[in-house]
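Have a look at data.txt below; it lists compact mmCIF, C-alpha atoms and all ligand atoms.
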```txt
# COMPACT_ATOMS: atom_id res chain seq x y z
CA THR M 1 131.69 140.86 132.45
CA THR M 2 128.49 140.43 134.45
CA THR M 3 126.20 143.42 134.18
CA GLY M 4 123.75 142.50 136.92
CA THR M 5 120.68 142.36 134.73
CA PRO M 6 121.19 139.88 131.89
CA HIS M 7 120.84 141.11 128.32
CA HIS M 8 117.54 139.89 126.88
CA VAL M 9 118.24 138.52 123.41
CA VAL M 10 115.28 137.54 121.22
CA ILE M 11 116.11 135.00 118.52
CA LEU M 12 113.68 134.85 115.61
CA GLY M 13 113.71 131.36 114.12
CA ALA M 14 114.00 127.86 115.56
CA GLY M 15 115.72 126.15 112.63
CA VAL M 16 119.23 124.77 113.02
CA ILE M 17 120.74 128.27 112.84
CA GLY M 18 118.58 129.93 115.53
CA LEU M 19 118.95 126.91 117.82
CA THR M 20 122.73 126.64 117.38
CA PHE M 21 123.10 130.37 118.04
CA ALA M 22 121.09 129.97 121.26
CA TYR M 23 123.16 126.93 122.25
CA LEU M 24 126.44 128.82 121.96
CA LEU M 25 125.14 131.98 123.65
CA THR M 26 123.87 130.01 126.67
CA ASN M 27 126.93 127.77 126.95
CA GLY M 28 129.62 128.06 129.62
CA ILE M 29 131.29 131.05 131.22
CA GLY M 30 129.49 134.34 130.62
CA SER M 31 126.20 132.68 129.67
CA GLU M 32 124.61 134.13 132.83
CA ASN M 33 124.82 137.52 131.08
CA TYR M 34 122.08 136.54 128.63
CA LYS M 35 118.40 135.81 128.87
CA VAL M 36 117.26 134.14 125.67
CA THR M 37 113.82 133.89 124.11
CA ILE M 38 113.28 132.07 120.81
CA VAL M 39 110.27 133.24 118.83
CA ALA M 40 109.34 131.17 115.79
CA ARG M 41 106.44 130.12 113.66
CA ASP M 42 107.86 126.60 113.25
CA MET M 43 109.30 124.81 116.26
CA PRO M 44 111.91 122.00 116.28
CA GLU M 45 109.14 119.45 116.87
CA ASP M 46 107.15 120.66 113.84
CA LEU M 47 108.97 118.10 111.74
CA ASP M 48 106.22 117.91 109.10
CA SER M 49 106.16 121.65 108.41
CA GLN M 50 107.32 122.64 104.95
CA ALA M 51 107.38 126.27 106.09
CA PHE M 52 110.96 125.83 107.29
CA ALA M 53 113.94 124.00 105.86
CA SER M 54 115.59 122.28 108.79
CA PRO M 55 113.45 119.08 109.01
CA TRP M 56 114.04 118.23 105.35
CA ALA M 57 117.83 118.18 105.18
CA GLY M 58 119.97 115.08 104.63
CA ALA M 59 121.80 116.08 106.67
CA ASN M 60 125.52 115.65 106.24
CA TRP M 61 128.69 117.43 105.21
CA SER M 62 129.06 117.17 101.46
CA PRO M 63 131.06 119.24 98.97
CA MET M 64 129.14 122.32 97.81
CA GLN M 65 131.13 125.35 96.71
CA TYR M 66 134.43 126.93 97.74
CA ASP M 67 134.40 130.26 99.52
CA GLU M 68 136.92 131.27 102.17
CA ARG M 69 134.29 132.34 104.71
CA LEU M 70 132.11 129.26 104.20
CA HIS M 71 135.16 127.01 104.31
CA LYS M 72 136.11 128.32 107.75
CA TRP M 73 132.56 127.73 109.06
CA GLU M 74 132.49 124.25 107.53
CA LYS M 75 135.83 123.24 108.98
CA GLN M 76 134.70 124.23 112.49
CA THR M 77 131.35 122.53 112.03
CA PHE M 78 132.79 119.34 110.57
CA ASP M 79 135.13 118.93 113.53
CA ARG M 80 132.34 119.58 116.01
CA LEU M 81 129.89 117.13 114.38
CA TRP M 82 132.69 114.56 114.05
CA ASP M 83 133.46 114.82 117.77
CA MET M 84 129.75 114.34 118.60
CA ALA M 85 129.67 110.85 117.05
CA PRO M 86 130.18 108.97 120.36
CA THR M 87 126.87 110.49 121.61
CA GLY M 88 125.00 108.85 118.72
CA LEU M 89 123.71 112.22 117.50
CA THR M 90 125.99 112.09 114.48
CA LEU M 91 127.37 109.27 112.34
CA ARG M 92 130.83 109.01 110.83
CA SER M 93 130.13 107.45 107.45
CA PRO M 94 132.36 106.11 104.71
CA SER M 95 131.76 108.08 101.53
CA LYS M 96 132.22 107.86 97.79
CA VAL M 97 132.10 110.93 95.60
CA TYR M 98 131.91 110.36 91.84
CA PHE M 99 132.87 112.93 89.21
CA GLU M 100 131.73 113.36 85.63
CA GLN M 101 135.17 114.66 84.63
CA GLU M 102 138.72 113.27 84.50
CA ASP M 103 140.54 116.28 85.92
CA ILE M 104 139.38 116.68 89.51
CA GLU M 105 142.37 118.41 91.13
CA ASN M 106 140.51 121.76 91.40
CA GLU M 107 137.39 120.01 92.68
CA LEU M 108 139.09 118.73 95.80
CA TRP M 109 139.37 122.03 97.73
CA TRP M 110 137.77 120.14 100.64
CA LYS M 111 140.40 117.40 100.90
CA ASP M 112 141.75 118.72 104.24
CA LEU M 113 138.29 119.24 105.67
CA VAL M 114 137.11 115.61 105.57
CA ARG M 115 138.92 112.57 106.97
CA ASN M 116 140.92 109.77 105.28
CA ILE M 117 140.50 110.90 101.66
CA ARG M 118 141.97 108.61 99.00
CA PRO M 119 141.45 107.78 95.29
CA LEU M 120 138.87 105.12 94.48
CA GLU M 121 139.07 102.71 91.57
CA LEU M 122 135.91 102.72 89.46
CA ASP M 123 133.69 99.66 89.45
CA PRO M 124 132.94 98.77 85.78
CA SER M 125 129.23 98.37 86.59
CA LEU M 126 128.88 102.10 87.40
CA PRO M 127 127.06 104.46 84.98
CA SER M 128 129.33 105.52 82.10
CA ASN M 129 129.13 109.26 82.87
CA ILE M 130 131.32 108.64 85.94
CA LYS M 131 135.00 109.29 85.18
CA LYS M 132 136.75 109.61 88.56
CA ALA M 133 136.05 108.90 92.22
CA VAL M 134 137.41 109.45 95.72
CA GLU M 135 136.67 107.82 99.06
CA PHE M 136 136.72 109.52 102.48
CA ASP M 137 134.83 109.74 105.77
CA THR M 138 132.19 112.38 106.44
CA VAL M 139 129.58 112.97 109.12
CA SER M 140 125.77 112.99 109.06
CA LEU M 141 122.80 113.48 111.39
CA ASN M 142 119.05 112.96 111.49
CA PRO M 143 117.29 116.36 111.77
CA GLY M 144 114.27 114.67 113.40
CA ILE M 145 116.48 113.74 116.35
CA TYR M 146 119.07 116.52 116.24
CA LEU M 147 116.62 119.48 116.32
CA PRO M 148 114.64 118.17 119.34
CA TRP M 149 117.98 117.46 121.07
CA LEU M 150 119.07 121.08 120.59
CA LYS M 151 115.72 122.27 121.93
CA SER M 152 115.91 120.00 124.99
CA GLU M 153 119.39 121.33 125.81
CA LEU M 154 118.09 124.90 125.55
CA LEU M 155 115.07 124.19 127.76
CA LEU M 156 117.43 122.84 130.43
CA ARG M 157 119.30 126.15 130.29
CA GLY M 158 116.13 128.19 130.75
CA VAL M 159 115.67 129.37 127.18
CA GLU M 160 112.05 130.29 126.56
CA PHE M 161 110.25 129.25 123.36
CA VAL M 162 107.34 131.28 121.98
CA LYS M 163 105.47 129.87 118.98
CA ARG M 164 104.43 132.87 117.00
CA ARG M 165 104.61 134.21 113.47
CA LEU M 166 105.86 137.76 113.13
CA VAL M 167 104.90 140.07 110.32
CA SER M 168 107.27 142.83 111.38
CA LEU M 169 110.43 143.22 113.47
CA ASN M 170 108.53 145.92 115.40
CA GLU M 171 106.51 143.21 117.09
CA VAL M 172 109.46 142.05 119.16
CA HIS M 173 109.19 145.09 121.45
CA THR M 174 105.46 144.60 121.96
CA TYR M 175 106.06 141.60 124.20
CA ALA M 176 109.77 141.74 124.99
CA LYS M 177 110.26 145.40 125.67
CA ASP M 178 113.52 144.76 127.50
CA ALA M 179 115.04 143.09 124.40
CA VAL M 180 118.47 144.58 123.73
CA ALA M 181 119.07 142.61 120.55
CA ILE M 182 117.22 140.60 117.95
CA VAL M 183 118.82 137.71 116.11
CA ASN M 184 117.27 137.30 112.71
CA ALA M 185 117.48 133.59 111.82
CA THR M 186 114.26 133.54 109.81
CA ALA M 187 115.77 132.07 106.61
CA LEU M 188 113.21 132.37 103.78
CA GLY M 189 111.08 134.44 106.17
CA ALA M 190 113.64 137.25 105.83
CA ARG M 191 112.24 137.91 102.37
CA SER M 192 108.89 139.12 103.71
CA LEU M 193 109.54 140.09 107.35
CA ILE M 194 108.85 143.84 107.54
CA GLY M 195 112.01 145.61 108.65
CA VAL M 196 114.22 143.17 106.73
CA GLN M 197 112.52 142.41 103.40
CA ASP M 198 115.64 141.03 101.75
CA THR M 199 114.73 140.37 98.13
CA LYS M 200 118.03 138.52 97.61
CA VAL M 201 116.51 135.60 99.51
CA PHE M 202 115.16 132.78 97.34
CA PRO M 203 114.21 129.08 97.68
CA ILE M 204 115.98 126.12 96.12
CA ARG M 205 113.47 123.30 95.98
CA GLY M 206 114.68 119.87 97.06
CA GLN M 207 112.60 116.74 96.54
CA THR M 208 113.88 113.66 98.38
CA ILE M 209 112.99 110.16 99.58
CA VAL M 210 113.48 108.83 103.11
CA ALA M 211 113.88 105.04 103.15
CA ILE M 212 115.07 102.14 105.24
CA ALA M 213 117.85 100.50 103.24
CA PRO M 214 119.88 98.32 105.64
CA LYS M 215 122.78 97.64 103.24
CA ALA M 216 123.30 101.26 102.13
CA LYS M 217 125.84 102.35 104.73
CA GLU M 218 127.89 104.85 102.72
CA PHE M 219 127.33 108.42 101.62
CA VAL M 220 127.46 108.43 97.82
CA THR M 221 127.01 111.28 95.40
CA ILE M 222 127.81 112.34 91.87
CA ILE M 223 129.24 115.82 91.44
CA PRO M 224 127.65 116.97 88.18
CA LYS M 225 129.79 118.71 85.56
CA THR M 226 127.37 121.62 85.64
CA LYS M 227 127.11 122.85 89.23
CA GLY M 228 123.82 123.85 90.80
CA THR M 229 121.67 121.30 89.02
CA ASP M 230 119.74 118.22 90.17
CA ALA M 231 122.02 115.80 91.94
CA THR M 232 122.16 112.14 92.90
CA TYR M 233 122.99 111.36 96.50
CA LEU M 234 122.31 108.94 99.32
CA ILE M 235 122.98 109.91 102.94
CA PRO M 236 122.95 107.26 105.70
CA ARG M 237 121.63 108.51 109.05
CA PRO M 238 122.85 107.62 112.55
CA SER M 239 119.37 106.42 113.54
CA PRO M 240 116.88 104.82 113.23
CA SER M 241 118.85 101.83 112.03
CA GLY M 242 119.10 101.60 108.23
CA MET M 243 117.54 105.00 107.55
CA VAL M 244 118.82 106.89 104.50
CA LEU M 245 117.86 110.03 102.63
CA ILE M 246 117.95 109.85 98.85
CA GLY M 247 118.03 112.96 96.69
CA GLY M 248 117.24 114.98 94.88
CA THR M 249 116.29 118.06 93.01
CA PHE M 250 118.02 121.45 93.18
CA GLN M 251 115.57 123.95 91.70
CA PRO M 252 116.24 127.65 92.36
CA ASN M 253 113.20 129.92 92.67
CA ASN M 254 110.77 127.02 92.75
CA TRP M 255 108.33 127.45 95.68
CA ASP M 256 106.30 124.28 94.91
CA THR M 257 106.08 122.16 98.08
CA SER M 258 104.14 119.26 96.55
CA VAL M 259 105.76 115.93 95.67
CA ASP M 260 106.09 115.09 91.98
CA LYS M 261 105.69 111.37 91.25
CA ALA M 262 107.82 111.28 88.08
CA THR M 263 110.60 113.16 89.89
CA ALA M 264 110.46 110.64 92.74
CA ASP M 265 110.81 107.73 90.31
CA GLY M 266 113.79 109.42 88.65
CA ILE M 267 115.51 110.08 91.99
CA PHE M 268 115.12 106.45 93.04
CA GLN M 269 116.31 105.01 89.70
CA ARG M 270 119.41 107.24 89.57
CA ALA M 271 120.32 106.34 93.14
CA LYS M 272 119.82 102.62 92.44
CA ALA M 273 122.31 102.83 89.55
CA LEU M 274 124.90 103.97 92.09
CA VAL M 275 123.78 101.80 95.01
CA PRO M 276 122.34 98.55 93.57
CA SER M 277 121.32 97.25 97.03
CA LEU M 278 118.45 99.78 96.96
CA GLY M 279 116.75 97.28 94.66
CA ASP M 280 116.72 94.60 97.39
CA PRO M 281 113.31 93.57 98.70
CA GLU M 282 114.09 94.81 102.22
CA THR M 283 114.23 98.45 101.04
CA ARG M 284 111.24 100.29 102.46
CA ILE M 285 110.18 103.77 101.36
CA ILE M 286 109.21 105.80 104.44
CA SER M 287 108.25 109.10 102.82
CA HIS M 288 108.51 111.36 99.80
CA ASN M 289 109.42 114.91 100.76
CA VAL M 290 109.92 118.43 99.50
CA GLY M 291 111.87 121.10 101.35
CA LEU M 292 112.87 124.61 100.33
CA ARG M 293 116.52 125.50 100.91
CA PRO M 294 116.69 129.10 102.14
CA ALA M 295 119.30 130.57 99.79
CA ARG M 296 120.50 134.11 99.21
CA GLU M 297 122.17 135.75 96.23
CA GLY M 298 125.73 136.51 97.31
CA GLY M 299 125.63 133.90 100.08
CA PRO M 300 124.64 133.87 103.73
CA ARG M 301 124.20 137.14 105.62
CA VAL M 302 125.96 137.19 108.97
CA GLU M 303 126.28 140.79 110.10
CA THR M 304 124.90 143.36 112.51
CA GLU M 305 122.64 146.28 111.78
CA TYR M 306 120.89 148.89 113.93
CA ILE M 307 117.23 149.28 113.02
CA GLU M 308 114.86 151.95 114.35
CA LEU M 309 111.82 149.98 115.51
CA ALA M 310 108.48 151.66 116.20
CA LEU M 311 107.13 150.95 119.70
CA SER M 312 103.56 151.75 118.78
CA GLY M 313 101.48 152.74 115.80
CA GLU M 314 98.53 151.53 113.81
CA LEU M 315 100.48 148.70 112.25
CA VAL M 316 102.30 147.57 115.38
CA PRO M 317 100.37 144.78 117.11
CA ARG M 318 100.07 145.05 120.89
CA GLY M 319 101.23 142.22 123.12
CA PRO M 320 100.20 141.83 126.77
CA ASP M 321 103.44 143.47 127.85
CA ALA M 322 103.24 146.30 125.29
CA ASP M 323 104.93 149.62 125.76
CA THR M 324 102.05 152.02 125.32
CA GLY M 325 104.26 155.05 124.85
CA ALA M 326 104.85 156.36 121.36
CA GLY M 327 108.21 156.62 119.68
CA SER M 328 110.78 154.19 118.51
CA LYS M 329 113.84 152.35 119.71
CA LYS M 330 117.10 151.83 117.87
CA THR M 331 117.66 148.10 118.14
CA LEU M 332 120.64 145.86 117.48
CA VAL M 333 119.82 143.16 114.93
CA VAL M 334 122.23 140.30 114.25
CA HIS M 335 121.38 138.71 110.92
CA ALA M 336 122.11 135.01 110.38
CA TYR M 337 120.24 133.70 107.36
CA GLY M 338 120.61 132.64 103.74
CA PHE M 339 122.44 129.33 104.29
CA GLY M 340 120.80 127.64 101.30
CA PRO M 341 121.90 124.02 100.85
CA ALA M 342 124.47 124.05 103.69
CA GLY M 343 122.84 125.27 106.91
CA TYR M 344 123.78 122.20 108.93
CA GLN M 345 127.32 121.90 107.67
CA GLN M 346 127.94 125.58 108.39
CA SER M 347 125.87 125.82 111.59
CA TRP M 348 128.48 125.75 114.38
CA GLY M 349 130.98 127.97 112.58
CA ALA M 350 128.44 130.51 111.36
CA ALA M 351 126.61 130.66 114.71
CA ALA M 352 129.93 131.17 116.53
CA GLU M 353 130.72 134.11 114.26
CA ALA M 354 127.24 135.60 114.79
CA VAL M 355 127.50 135.18 118.58
CA GLY M 356 130.86 136.95 118.45
CA LEU M 357 129.27 139.86 116.56
CA LEU M 358 126.47 140.11 119.13
CA LYS M 359 128.86 140.11 122.09
CA ALA M 360 131.14 142.69 120.47
CA ALA M 361 128.20 144.99 119.69
CA LEU M 362 126.75 144.70 123.20
CA SER M 363 130.05 145.45 124.88
CA ALA M 364 130.93 148.35 122.55
P1 LIG P 401 114.97 127.24 108.70
O1 LIG P 401 115.18 125.84 109.10
O2 LIG P 401 114.14 127.49 107.48
O3 LIG P 401 114.30 127.97 109.95
C1 LIG P 401 113.75 129.25 109.86
C2 LIG P 401 113.04 129.57 111.15
O4 LIG P 401 112.52 130.90 111.09
C3 LIG P 401 111.83 128.66 111.41
O5 LIG P 401 111.66 128.42 112.81
C4 LIG P 401 110.67 129.53 110.91
O6 LIG P 401 109.41 129.21 111.48
C5 LIG P 401 111.13 130.88 111.40
N1 LIG P 401 110.48 132.00 110.74
C6 LIG P 401 110.58 132.39 109.46
N2 LIG P 401 109.83 133.49 109.26
C7 LIG P 401 109.24 133.80 110.44
C8 LIG P 401 108.35 134.81 110.87
N3 LIG P 401 107.91 135.76 110.05
N4 LIG P 401 107.93 134.82 112.17
C9 LIG P 401 108.37 133.87 113.04
N5 LIG P 401 109.23 132.88 112.67
C10 LIG P 401 109.65 132.85 111.39
N6 LIG P 401 122.14 121.38 104.76
C11 LIG P 401 123.28 120.75 105.12
O7 LIG P 401 124.13 121.35 105.75
N7 LIG P 401 123.50 119.45 104.77
C12 LIG P 401 122.60 118.73 104.03
O8 LIG P 401 122.81 117.55 103.77
C13 LIG P 401 121.41 119.39 103.62
N8 LIG P 401 120.50 118.74 102.86
C14 LIG P 401 119.35 119.38 102.50
C15 LIG P 401 118.41 118.70 101.73
C16 LIG P 401 117.20 119.29 101.40
C17 LIG P 401 116.23 118.55 100.55
C18 LIG P 401 116.91 120.59 101.89
C19 LIG P 401 115.59 121.23 101.61
C20 LIG P 401 117.85 121.28 102.63
C21 LIG P 401 119.08 120.70 102.92
N9 LIG P 401 120.06 121.38 103.65
C22 LIG P 401 121.21 120.74 104.02
C23 LIG P 401 119.90 122.81 103.96
C24 LIG P 401 119.45 123.06 105.38
O9 LIG P 401 118.25 122.36 105.61
C25 LIG P 401 119.22 124.57 105.59
O10 LIG P 401 120.34 125.31 105.16
C26 LIG P 401 118.99 124.88 107.06
O11 LIG P 401 117.98 124.05 107.58
C27 LIG P 401 118.63 126.35 107.26
O12 LIG P 401 118.39 126.55 108.61
P2 LIG P 401 117.79 127.92 109.11
O13 LIG P 401 117.71 127.81 110.61
O14 LIG P 401 118.55 129.06 108.52
O15 LIG P 401 116.34 128.02 108.46
```

Reformat the file's structure so that it appears as structure tokens.
Amino acid sequence: TTTGTPHHVVILGAGVIGLTFAYLLTNGIGSENYKVTIVARDMPEDLDSQAFASPWAGANWSPMQYDERLHKWEKQTFDRLWDMAPTGLTLRSPSKVYFEQEDIENELWWKDLVRNIRPLELDPSLPSNIKKAVEFDTVSLNPGIYLPWLKSELLLRGVEFVKRRLVSLNEVHTYAKDAVAIVNATALGARSLIGVQDTKVFPIRGQTIVAIAPKAKEFVTIIPKTKGTDATYLIPRPSPSGMVLIGGTFQPNNWDTSVDKATADGIFQRAKALVPSLGDPETRIISHNVGLRPAREGGPRVETEYIELALSGELVPRGPDADTGAGSKKTLVVHAYGFGPAGYQQSWGAAAEAVGLLKAALSA
């Protein structure tokens, strides 16, 4: 129902989660009830910033881990990204997943999520640790195009972007004193943001290579016997033509954002064993990268909380629009962070759930 004055919702974070949340909240019937401001240290165009995860992702749907809640989000997201393919923002790509074990029945919990899954006969030239394989179709995107697209859609809908780093949740009221809710999509930032300080948040370091490899048109990966370790994967992107992302490391609690040369060599050699065309002379390395996946012990946090935020005080910075009165304000916070290695492939489903929580809390 329209309230007259729209609810001012401040979203902290402009990674794929904050942007997708804003997209859904400002979409269609009822969107006139919300005024949205996105406040973030890193913006969608800051594609070289290692301070946020979103620029560094593959990004595609690939099998991670089974969990009922995540599965629901991934199903919704897969279908949405799949349907976007005609726009060119996403790519439907043939895929091969290799296993290091013979018995894979329990591994295929995702068989109804992807499209056209079928067994694949092993090529004798493959590395000997590979015991089984399946083929299917998945979907991928290029974060460097997808994030600016989300932002441009939001600008058209009147969403305001403020580039700013917050130390404390209290700061929101210093320049948006009419904010009725805060969406916390700060990912790794949730570990140190005063008012949240979630010590369950931790990084998983991922070193990767972006290359132009015109013949590498399939997503390929090996599912290691021991989960949660370094992996071998190649993800083709919808554009530019021939672009692929090759990975990569999976190093929990490693905050190091510098590229390691020996690691890069290992990543490339392992991928070449799976995709021999990477050795062709037309392969061109574009960049070596490191990104930190914003993980959380126990999985993503999508829930509401009411937090008493100080309106003034020695440690509360003053914005131009500051409320000079003392006291505090009980404020609705919708948390949406901790997506680790799967923020893109869970984005539409998780953001829809978080938007539902916000709307329910505001109308309660
Ligand atoms: P982020 O992108 O980290 O955004 C956080 C936002 O919060 C940023 O705008 C940041 O500036 C802001 N912020 C934080 N603290 C503050 C503060 N104090 N004040 C103001 N702003 C703040 N996922 C997939 O689904 N598929 C893949 O194939 C895939 N591959 C990956 C490969 C690699 C190598 C890596 C590193 C990640 C990969 N991921 C993949 C994971 C994916 O990138 C993340 O899950 C996703 O980007 C998380 O999005 P987010 O919006 O939660 O966080």

Report summary line: Using all atoms listed in the file, the shortest atom-to-atom distance to Lys200 (chain M) among M:Gly343, M:Pro214, M:Pro300, M:Gly28 belongs to M:Pro300

Report task. Please check which residues have atoms at most 12 Å from (128.7, 122.0, 86.9) in the file's coordinates, counting only C-alpha atoms, and write them as an MDAnalysis selection string. Result -> chainID M and resid 64:65 99:101 107 222:231

Report task. Collect all residues with atoms no farther than 6 Å from ligand LIG 401 (chain P), counting only C-alpha atoms and all ligand atoms, and output them as JSON, numbers by chain. Result -> {"M": [12, 13, 14, 15, 16, 17, 18, 40, 41, 42, 43, 52, 53, 54, 56, 57, 58, 59, 60, 61, 164, 165, 166, 167, 185, 186, 187, 189, 193, 206, 207, 208, 291, 292, 293, 337, 339, 340, 341, 342, 343, 344, 345]}

Can you write out as CSV which residues of region 245-338 of chain M fall within 12 Å of region 127-139 of chain M, alongside each residue's closest atom pair and its distance in Å to one decimal, counting all atoms listed in the file and ordering rows by chain and ascending residue number?
```
residue,atom,partner,partner_atom,distance
M:Gln269,CA,M:Pro127,CA,11.8
M:Arg270,CA,M:Pro127,CA,9.3
M:Ala271,CA,M:Pro127,CA,10.7
M:Lys272,CA,M:Pro127,CA,10.6
M:Ala273,CA,M:Pro127,CA,6.8
M:Leu274,CA,M:Pro127,CA,7.4
M:Val275,CA,M:Pro127,CA,10.9
M:Pro276,CA,M:Pro127,CA,11.4
```

Requested in this report: Rank M:Asn289, M:Asn33, M:Ser93, M:Ser152 by their smallest atom-to-atom distance to Leu47 (chain M), using only C-alpha atoms, and report the top residue only.
Outcome: M:Asn289

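Closest approach to Ala211 (chain M) from the set M:Met243, M:Leu155, M:Val162, M:Val196 is made by M:Met243, with distances taken over only C-alpha atoms.
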
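Take the candidates M:Val180, M:Ile11, M:Leu19, M:Leu120 and check each one against His335 (chain M) using all atoms listed in the file; the shortest distance goes to M:Ile11.
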
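When all atoms listed in the file are used to compute distances to Leu122 (chain M), the closest of the residues M:Leu89, M:Leu156, M:Val97, M:Ile285 turns out to be M:Val97.
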
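Excluding Ile286 (chain M) and any residue on its chain fewer than 6 positions from it, the residues at most 8 Å away by all atoms listed in the file are Ile209, Val210, Ala211 and Ile212 of chain M.
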
Might you pull out every residue within 12 Å of Tyr66 (chain M), with all atoms listed in the file counted and same-chain residues fewer than 6 positions away left off, and present them as a PDB file with C-alpha atoms, in the frame of the given file?
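Writing the result to part_18.pdb gives the following:
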```pdb
ATOM      1  CA  LYS M  72     136.110 128.320 107.750  1.00  0.00           C
ATOM      2  CA  TRP M  73     132.560 127.730 109.060  1.00  0.00           C
ATOM      3  CA  GLU M  74     132.490 124.250 107.530  1.00  0.00           C
ATOM      4  CA  LYS M  75     135.830 123.240 108.980  1.00  0.00           C
ATOM      5  CA  ASN M 106     140.510 121.760  91.400  1.00  0.00           C
ATOM      6  CA  GLU M 107     137.390 120.010  92.680  1.00  0.00           C
ATOM      7  CA  LEU M 108     139.090 118.730  95.800  1.00  0.00           C
ATOM      8  CA  TRP M 109     139.370 122.030  97.730  1.00  0.00           C
ATOM      9  CA  TRP M 110     137.770 120.140 100.640  1.00  0.00           C
ATOM     10  CA  LYS M 111     140.400 117.400 100.900  1.00  0.00           C
ATOM     11  CA  LEU M 113     138.290 119.240 105.670  1.00  0.00           C
ATOM     12  CA  LYS M 227     127.110 122.850  89.230  1.00  0.00           C
ATOM     13  CA  GLY M 299     125.630 133.900 100.080  1.00  0.00           C
ATOM     14  CA  ALA M 342     124.470 124.050 103.690  1.00  0.00           C
TER      15      ALA M 342
END
```

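Interatomic distance, CA of Ser239 (chain M) against CA of Asn142 (chain M): 6.9 Å.
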
Report summary line: Taken to one decimal, the CA of Gly266 (chain M)-CA of Thr249 (chain M) distance is 10.0 Å

Requested in this report: Write out as number ranges by chain which residues come within 8 Å of Thr90 (chain M) when counting only C-alpha atoms, dropping same-chain ones fewer than 3 positions away.
Outcome: M: 81-82, 84-87, 139-142, 237-238

Query - Nearest candidate to Val302 (chain M) (options M:Ile29, M:Ile204, M:Val333, M:Ala264; using all atoms listed in the file) - result: M:Val333

Report summary line: Pairwise distance, CA of Val9 (chain M) with CA of Ser347 (chain M), equals 19.0 Å

Query raised in the report: Hey, what's within 9 Å of Tyr34 (chain M) if we count all atoms listed in the file and toss same-chain stuff fewer than 3 positions away? As a PyMOL selection string, please?
Result: chain M and resi 5-9+25-26+30-31

Output region 285-298 of chain M with N, CA and C atoms present, as an mmCIF file, in the frame of the given file.
```
data_model
loop_
_atom_site.group_PDB
_atom_site.id
_atom_site.type_symbol
_atom_site.label_atom_id
_atom_site.label_comp_id
_atom_site.auth_asym_id
_atom_site.auth_seq_id
_atom_site.Cartn_x
_atom_site.Cartn_y
_atom_site.Cartn_z
ATOM 1 N N ILE M 285 110.321 102.316 101.475
ATOM 2 C CA ILE M 285 110.180 103.770 101.360
ATOM 3 C C ILE M 285 109.379 104.263 102.567
ATOM 4 N N ILE M 286 109.920 105.243 103.278
ATOM 5 C CA ILE M 286 109.210 105.800 104.440
ATOM 6 C C ILE M 286 108.392 107.013 104.023
ATOM 7 N N SER M 287 109.000 107.901 103.232
ATOM 8 C CA SER M 287 108.250 109.100 102.820
ATOM 9 C C SER M 287 108.898 109.773 101.611
ATOM 10 N N HIS M 288 108.048 110.465 100.868
ATOM 11 C CA HIS M 288 108.510 111.360 99.800
ATOM 12 C C HIS M 288 108.372 112.779 100.328
ATOM 13 N N ASN M 289 109.389 113.597 100.104
ATOM 14 C CA ASN M 289 109.420 114.910 100.760
ATOM 15 C C ASN M 289 109.844 116.023 99.812
ATOM 16 N N VAL M 290 109.408 117.228 100.177
ATOM 17 C CA VAL M 290 109.920 118.430 99.500
ATOM 18 C C VAL M 290 110.275 119.453 100.568
ATOM 19 N N GLY M 291 111.462 120.011 100.464
ATOM 20 C CA GLY M 291 111.870 121.100 101.350
ATOM 21 C C GLY M 291 112.444 122.229 100.522
ATOM 22 N N LEU M 292 112.339 123.440 101.045
ATOM 23 C CA LEU M 292 112.870 124.610 100.330
ATOM 24 C C LEU M 292 114.134 125.095 101.029
ATOM 25 N N ARG M 293 115.262 125.018 100.334
ATOM 26 C CA ARG M 293 116.520 125.500 100.910
ATOM 27 C C ARG M 293 116.518 127.028 100.912
ATOM 28 N N PRO M 294 116.800 127.627 102.056
ATOM 29 C CA PRO M 294 116.690 129.100 102.140
ATOM 30 C C PRO M 294 117.969 129.800 101.683
ATOM 31 N N ALA M 295 118.065 130.035 100.375
ATOM 32 C CA ALA M 295 119.300 130.570 99.790
ATOM 33 C C ALA M 295 119.256 132.095 99.697
ATOM 34 N N ARG M 296 120.402 132.645 99.352
ATOM 35 C CA ARG M 296 120.500 134.110 99.210
ATOM 36 C C ARG M 296 121.558 134.432 98.168
ATOM 37 N N GLU M 297 121.184 135.297 97.223
ATOM 38 C CA GLU M 297 122.170 135.750 96.230
ATOM 39 C C GLU M 297 123.342 136.377 96.972
ATOM 40 N N GLY M 298 124.559 135.963 96.623
ATOM 41 C CA GLY M 298 125.730 136.510 97.310
ATOM 42 C C GLY M 298 126.104 135.744 98.559
#
```
